[in-house]
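Engineer: Here it is, the structure in full.
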4 protein chains.
Amino acid sequence: MIKVGIVGATGYAGQQLVWLLQKHSSTEIVFLCSHSYENTLYNDVYKNLNGFIDNVCINIQEAEYKLDCINILFLALPHGKSFDITKKALSKGVKVIDLGADFRINSKNIYEQWYKVEHTCPELLEESIYGLTELNRNDIKKASLIANPGCYPTASILALAPLLKSNIIDEQSIIIDAKSGTSGAGRSASIGNLFTECNDSIKAYSVAEHRHTPEIEQELGNICGNKITLTFTPHLVPMNRGILSVCYSKLSCKKSQEELYEIYRNFYKDEFFVKITDTMPETRWVKGSNLCHIGIRLDKRTGRVIVASCIDNLMKGAAGQAVQNMNLMFNLDEKTGLDFPAMMP
Amino acid sequence: MIKVGIVGATGYAGQQLVWLLQKHSSTEIVFLCSHSYENTLYNDVYKNLNGFIDNVCINIQEAEYKLDCINILFLALPHGKSFDITKKALSKGVKVIDLGADFRINSKNIYEQWYKVEHTCPELLEESIYGLTELNRNDIKKASLIANPGCYPTASILALAPLLKSNIIDEQSIIIDAKSGTSGAGRSASIGNLFTECNDSIKAYSVAEHRHTPEIEQELGNICGNKITLTFTPHLVPMNRGILSVCYSKLSCKKSQEELYEIYRNFYKDEFFVKITDTMPETRWVKGSNLCHIGIRLDKRTGRVIVASCIDNLMKGAAGQAVQNMNLMFNLDEKTGLDFPAMMP
Amino acid sequence: MIKVGIVGATGYAGQQLVWLLQKHSSTEIVFLCSHSYENTLYNDVYKNLNGFIDNVCINIQEAEYKLDCINILFLALPHGKSFDITKKALSKGVKVIDLGADFRINSKNIYEQWYKVEHTCPELLEESIYGLTELNRNDIKKASLIANPGCYPTASILALAPLLKSNIIDEQSIIIDAKSGTSGAGRSASIGNLFTECNDSIKAYSVAEHRHTPEIEQELGNICGNKITLTFTPHLVPMNRGILSVCYSKLSCKKSQEELYEIYRNFYKDEFFVKITDTMPETRWVKGSNLCHIGIRLDKRTGRVIVASCIDNLMKGAAGQAVQNMNLMFNLDEKTGLDFPAMMP
Amino acid sequence: MIKVGIVGATGYAGQQLVWLLQKHSSTEIVFLCSHSYENTLYNDVYKNLNGFIDNVCINIQEAEYKLDCINILFLALPHGKSFDITKKALSKGVKVIDLGADFRINSKNIYEQWYKVEHTCPELLEESIYGLTELNRNDIKKASLIANPGCYPTASILALAPLLKSNIIDEQSIIIDAKSGTSGAGRSASIGNLFTECNDSIKAYSVAEHRHTPEIEQELGNICGNKITLTFTPHLVPMNRGILSVCYSKLSCKKSQEELYEIYRNFYKDEFFVKITDTMPETRWVKGSNLCHIGIRLDKRTGRVIVASCIDNLMKGAAGQAVQNMNLMFNLDEKTGLDFPAMMP
């Protein structure tokens, strides 16, 4: 059994991890660490886990003390909080999957510019592997430190990778208009996230300045070999889970919609978790699962291609992909513990 | 492997069954029958199952023809539609679990009075077993025909059984005020169930005349040995899934809240799927799972006891309990394929 | 023009008042006072009022200073916070409508027992008039201090008054099962009221101990002349606004459903804001309006009568009724500024 | 008093018209015509209007017969259904405001190409005035036939007009990513619009082929004097009302964000219903009102300008703007009956 510790276990991504790992056939949860709920029974916070999880939340000091007892550490913390514990874990030979942003951006400068905190262990940036499983599978298998992708980047990069790899779009024409459920905003008490303030309304936020922008640009740039600058607009939608990323770009050569579908079906032909769908995707079809649905439309009148992808932000956009990566790192079938569809309705 | 056929597979309860059975370790889906989607790829109707289910929906004639190839038949049909196929299946030695109402009411007269259709095989009423697993486990194990309980009755009977069994309430004082998500209204096109007509609103419906009333009265009567007449008020709540059943009754003897809790904890002490909770339950804690959460409050000022239970109407209230019953009928661990918690948020 | 001050203007009830008064033909808003948003432009907090309200929020000291400039003061504060300012306002001849709980309970003891704070001006309890307009119209006209009713009590008392006045029910048999939208929980940051924690779920809360209980009992007792003890269960429903109060009681004499309707239609025959409806009411039909819809069902099998009433908790349950009362106090047509229906959908 | 008839009165836009006109100080509703609810009391369909509207719905023959009794006819019908009654009304000197699409597209060919029905009175296309009030005010005042704009076009054109008028963007770079509440899908029974199928999910639909595309292109082309071809992607969001239109385009010259704001504030400086907001708009701030909120962001890194506008699809996007236009046509203050803000929450 893989022995697991989770730090940041009472946030929504942390809880999704606990949910997945408690039913994973090859893992054993050694500890759950939570700053806000130290000494609290985990299933008092998440009563859905009554009968499934008996742990009491520990604090970060206790977690560090128990690093010797685990094989892998999952971090689900706000940015800037993962540096110390990551260093300690790696030094003890514990593999680390960080669901936060601290090791996603290769450049210390760019990280600090967007995240407004100092990066105190830039030496790990070279070592860390960006955990978008479908694109970096081989590196992930050998990695000790995974920077698990953000939710918007996962949806957006999966949607755009085939176009960039095929070299058929104007690389500077990309606009990403993405929509997220409110669990993406986290579980902190705030007036803006009250039911009464979110229900029956939609808004764009962090327009032209969201922190997932450099992450998307970096990875898309790696795919095509050129520096990418794009426009990214996230939205908050009155639903619990799900991301819909609608990606616009200008074709640089003539392609029919059928040819575009062919490119996508071919690109993802061996991928279990990515489905290319004839109809445009809806978040409900992937909610609660690790799947990504992608649909493509050619706008003949303008020469643009419109690609829409859907994921569950807490699953393929966070905890699900983290488990997928863990499976690879421990030579398990990648689908272990993730092989179930969305529940409808 | 248990070979399974499902009739009424494209309704919400039917789909939940498909969802559960495709990942059940001991079942094989032989056919999916749907009146509305004959010859349609099942995962074109429920795109969440893209990659998980490849069946094409067949019609009822084909289903009857294939009865020889299955061990168990699940019916998820409107009332009055299960009679013929049930007879045919039983005559071929196929076990039947009917998720509809046709075999729940022991009396042909009472059935016809509430459901306004003729019961054409009353001879099966004696044979059929009411499939509230926790209360009828032994009979279920030996049954050929299970009348799977309604969603409201499941929640309400589980909430009230310990009080009636303990003989501590005025049996004629029961009032059940129950609230359901909209999936309980089914998947037929109707103006009343449009998003715009249900969202941001709540209503009571079928007040003092809902068809689940005689079912609840019959089963509670069986528990206490007396005829029960009660008031039952269902509500429609703007949420997809879940039932909250709040049950009021008058104590007939003095009990503290602690003593009441003791009675409940004892009554359900061996039950995996029923949790007695210190806090009053919320539907989200059981959504998507087969669990039932129950909380109890003594209203000292009035001498009433208030018991609230929560289930997922499509799981413990329909497909989940059907699978639980199937497990028993085939000597499997009752939890097989059902051993997972609600997903939050 | 009636010159108005509002203290607690940035809560949901306060904002509803501002909304109503800014378009009221006979009022002028002199000041808006907010503890949390002192010195903030009101329409920066509630951007819906951009172009309609230009006030900057003032603090309580400034509000007290401006008492000389107003004719009426509205208070929308947490309980225990209205005592001082009420005394000061009344001493200056300013009429007061308190939307909070501080003057609703006639007995200092009962208030302190349920609200756990000391009542520091019990001498005002005799003077204060309970502002359920339809029942206390004459006293309201002459009052200087109105205790504006709670949202649950408004819905519940309007539903039960005709039965108690007619003396046709067992007065000790009353059970009220009420459901509220989340705006009833206020606008404070709290994890429990986050969208992700409320959406797609329902729960009962404060079962058998909600503070609106003694208020309902007091007023119903006044109607029938006997002390009433009842069971009251509130619920939180995933919707912004609205209360559905379902009231159960035992008939003490034989009445048909038609006779019950006759009693209700007669009782409310001159009331513009109360509609007796053939169908059972839904909160959406009154959302955003000052109306109350009431439907009645006789449960012949049990001899119980079930009355359901719907109001908007922020309108008839708070600010709307406050304006209705103000209209009476200043000899205006009671409907002034309130004469509009719910907006659908 | 202006005497009014409404055809298509029981759809959501029709009902919003009824709502507005019943409280409008200068109108009298002469008839309500509904195909689906002939001979039904209007307030039995929309119970919110119980006490406000007493009309019984009439059929189209009766409506035609009563054309002599009205000054203005509102049509809220599916496309292709407005031709005959419009001709008849105009021939009798009755002014017409068509909330549908039949007179919006100047070219018979383009209309037929996108709407797939024959246009049987192309002679009226020249006469009809596109009723986007803020842009065509003078023509509207003199018009007999108003083609009331679609909801998406209203939001999108108001967002883009200042940029095109100022000639500061690449006119072929426009992408509109718009999001709508479900009332935009109408009130017909359909599985796709059930609560259970829409709740907690988002989707794009009619990608690159929505019928509002040529309408937006036509009007934007009129503003800048050049043919515009753009990409338009609508989405369905789980909320009742509201449109958020996010419009992307490439600046053709250097402008700061402050300069862009200056252009917008100047363009709309005399408009009551259009507010330029420092923060990006949210649909809740305009829900239920006739207002449009617009926010602007410069994406310096890419040279794109991102303009987001919010309206209520049934108000400024349909019935509200229709009343605004009627006010102009009858020399009333444009704000009559529309001068109220959104209700929050």
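If you're wondering about the labels, chains in the structure tokens are A, B, ... by order shown, residues count from 1 in each chain, ligands from 1 in order shown.
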Check which residues of chain D sit at most 7 Å from chain C using only C-alpha atoms, and return one row each with the closest pair of atoms and their distance in Å to one decimal, ordered by chain and rising number, as a tab-separated table.
Structural biologist:
residue	atom	partner	partner_atom	distance
D:Lys47	CA	C:Trp285	CA	5.8
D:Asn48	CA	C:Trp285	CA	4.3
D:Leu49	CA	C:Pro341	CA	6.0
D:Asn240	CA	C:Pro345	CA	6.3
D:Trp285	CA	C:Asn48	CA	4.3
D:Val286	CA	C:Asn48	CA	6.1
D:Pro341	CA	C:Asn48	CA	5.9
D:Ala342	CA	C:Asn48	CA	5.3
D:Pro345	CA	C:Asn240	CA	6.3
Engineer: Would you pick out the contacts of C:Val307 at 6 Å or less, using only C-alpha atoms, so that residues sharing its chain but fewer than 2 positions from it are not included, and give the list as a ChimeraX atom specification?
Structural biologist: /C:246-247,295-296
Engineer: Please produce a file of the residues just selected, as a compact mmCIF listing (two decimals), in the first residue's frame, where the atoms kept are N, CA and C atoms.
Structural biologist:
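Contents of the output file part-v7.txt:
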# COMPACT_ATOMS: atom_id res chain seq x y z
N VAL C 246 -45.78 25.82 6.27
CA VAL C 246 -46.83 24.80 6.22
C VAL C 246 -47.26 24.50 7.64
N CYS C 247 -48.54 24.77 7.93
CA CYS C 247 -49.05 24.72 9.30
C CYS C 247 -50.06 23.59 9.44
N GLY C 295 -53.02 28.84 0.83
CA GLY C 295 -53.86 27.74 0.34
C GLY C 295 -54.19 26.80 1.49
N ILE C 296 -55.31 26.11 1.40
CA ILE C 296 -55.79 25.27 2.51
C ILE C 296 -56.16 23.89 1.98
Engineer: Please identify the helix (DSSP H, G or I) residues within stretch 107-230 of chain A (assignment by DSSP from backbone atoms) and present them as a ChimeraX atom specification.
Structural biologist: /A:108-115,122-124,133-142,151-166,182-185,191-193,195-198,212-224
Engineer: Can you pull out the residues contacting D:Ala322? Cut-off 8 Å, using only C-alpha atoms, and skip same-chain residues under 2 positions away; I want them as a PyMOL selection string.
Structural biologist: chain D and resi 97+99+131+148+318-320+324-326
Engineer: Restricting the output to C-alpha atoms, write the selected residues as a compact mmCIF listing (two decimals), in the first residue's frame.
Structural biologist:
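Result file part23.txt:
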# COMPACT_ATOMS: atom_id res chain seq x y z
CA ILE D 97 -43.64 46.71 -31.64
CA LEU D 99 -40.35 41.58 -29.93
CA GLY D 131 -35.48 49.54 -31.68
CA ASN D 148 -37.40 45.27 -31.00
CA ALA D 318 -37.09 42.38 -24.54
CA ALA D 319 -40.09 43.86 -22.75
CA GLY D 320 -38.33 46.71 -20.97
CA GLN D 324 -38.96 52.29 -23.56
CA ASN D 325 -39.64 52.45 -27.28
CA MET D 326 -43.39 52.78 -26.79
Engineer: Which residue out of C:Leu145, C:Ile110, C:Ala204, C:Leu158 has the minimum interatomic distance to B:Ser309 when only C-alpha atoms are used?
Structural biologist: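 Of C:Leu145, C:Ile110, C:Ala204, C:Leu158, the one nearest B:Ser309, counting only C-alpha atoms, is C:Ala204.
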Engineer: As an MDAnalysis selection string, list the residues of stretch 119-342 of chain D assigned to strand (DSSP E) by DSSP on the backbone atoms of this structure.
Structural biologist: chainID D and resid 129:130 145:147 175:180 203:204 231:236 243:250 274:276 292:299 304:311
Engineer: Which polymer residues have any atom within 8 Å of an atom of B:Leu132, counting only C-alpha atoms, with same-chain residues fewer than 4 positions away left out, as a compact mmCIF listing (two decimals) with all heavy atoms, in the first residue's frame?
Structural biologist:
# COMPACT_ATOMS: atom_id res chain seq x y z
N ASN B 136 -36.36 -5.70 6.07
CA ASN B 136 -36.85 -6.97 5.55
C ASN B 136 -35.75 -7.85 4.98
O ASN B 136 -35.97 -8.62 4.04
CB ASN B 136 -37.89 -6.71 4.43
CG ASN B 136 -39.13 -6.03 4.95
OD1 ASN B 136 -39.47 -6.14 6.13
ND2 ASN B 136 -39.83 -5.32 4.07
N ARG B 137 -34.58 -7.75 5.55
CA ARG B 137 -33.42 -8.40 4.94
C ARG B 137 -33.62 -9.90 4.70
O ARG B 137 -33.31 -10.40 3.62
CB ARG B 137 -32.20 -8.15 5.83
CG ARG B 137 -30.89 -8.57 5.19
CD ARG B 137 -29.71 -8.10 6.03
NE ARG B 137 -29.36 -6.71 5.80
CZ ARG B 137 -29.38 -5.76 6.73
NH1 ARG B 137 -29.76 -6.05 7.96
NH2 ARG B 137 -29.03 -4.53 6.43
N ASN B 148 -39.47 -2.59 -4.85
CA ASN B 148 -38.48 -1.64 -4.30
C ASN B 148 -39.22 -0.40 -3.79
O ASN B 148 -40.07 0.15 -4.49
CB ASN B 148 -37.49 -1.27 -5.40
CG ASN B 148 -36.10 -1.02 -4.87
OD1 ASN B 148 -35.49 -1.91 -4.30
ND2 ASN B 148 -35.59 0.20 -5.07
N PRO B 149 -38.92 0.05 -2.59
CA PRO B 149 -39.71 1.13 -1.98
C PRO B 149 -39.60 2.45 -2.72
O PRO B 149 -38.61 2.71 -3.41
CB PRO B 149 -39.09 1.27 -0.58
CG PRO B 149 -38.44 -0.03 -0.31
CD PRO B 149 -37.95 -0.50 -1.64
N THR B 154 -38.97 5.29 1.83
CA THR B 154 -37.69 4.82 2.38
C THR B 154 -37.21 5.77 3.48
O THR B 154 -36.88 5.34 4.59
CB THR B 154 -36.63 4.73 1.26
OG1 THR B 154 -37.05 3.75 0.32
CG2 THR B 154 -35.27 4.37 1.82
N GLN B 321 -30.85 1.26 -3.44
CA GLN B 321 -31.49 0.21 -2.65
C GLN B 321 -31.81 -1.02 -3.50
O GLN B 321 -31.74 -2.15 -3.02
CB GLN B 321 -32.76 0.76 -2.00
CG GLN B 321 -33.41 -0.22 -1.04
CD GLN B 321 -34.24 0.49 0.03
OE1 GLN B 321 -33.86 0.50 1.19
NE2 GLN B 321 -35.34 1.07 -0.36
Engineer: Enter the distance from atom CA of A:Ser252 to atom CA of D:Glu209, in Å, rounded to one decimal.
Structural biologist: 21.4 Å
Engineer: Take atom CA of D:Arg265 and atom CA of D:Arg104 and report the distance between them in Å, one decimal.
Structural biologist: 27.8 Å
Engineer: Could you please determine the separation between atom CA of C:Tyr115 and atom CA of B:Met280 in Å, to one decimal place?
Structural biologist: 21.7 Å
Engineer: For a quick check of understanding, using only C-alpha atoms, which of B:Asn71, B:Ser25, B:Asn222, B:Thr231 has the smallest distance to C:Lys250?
Structural biologist: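 Nearest to C:Lys250: B:Thr231.
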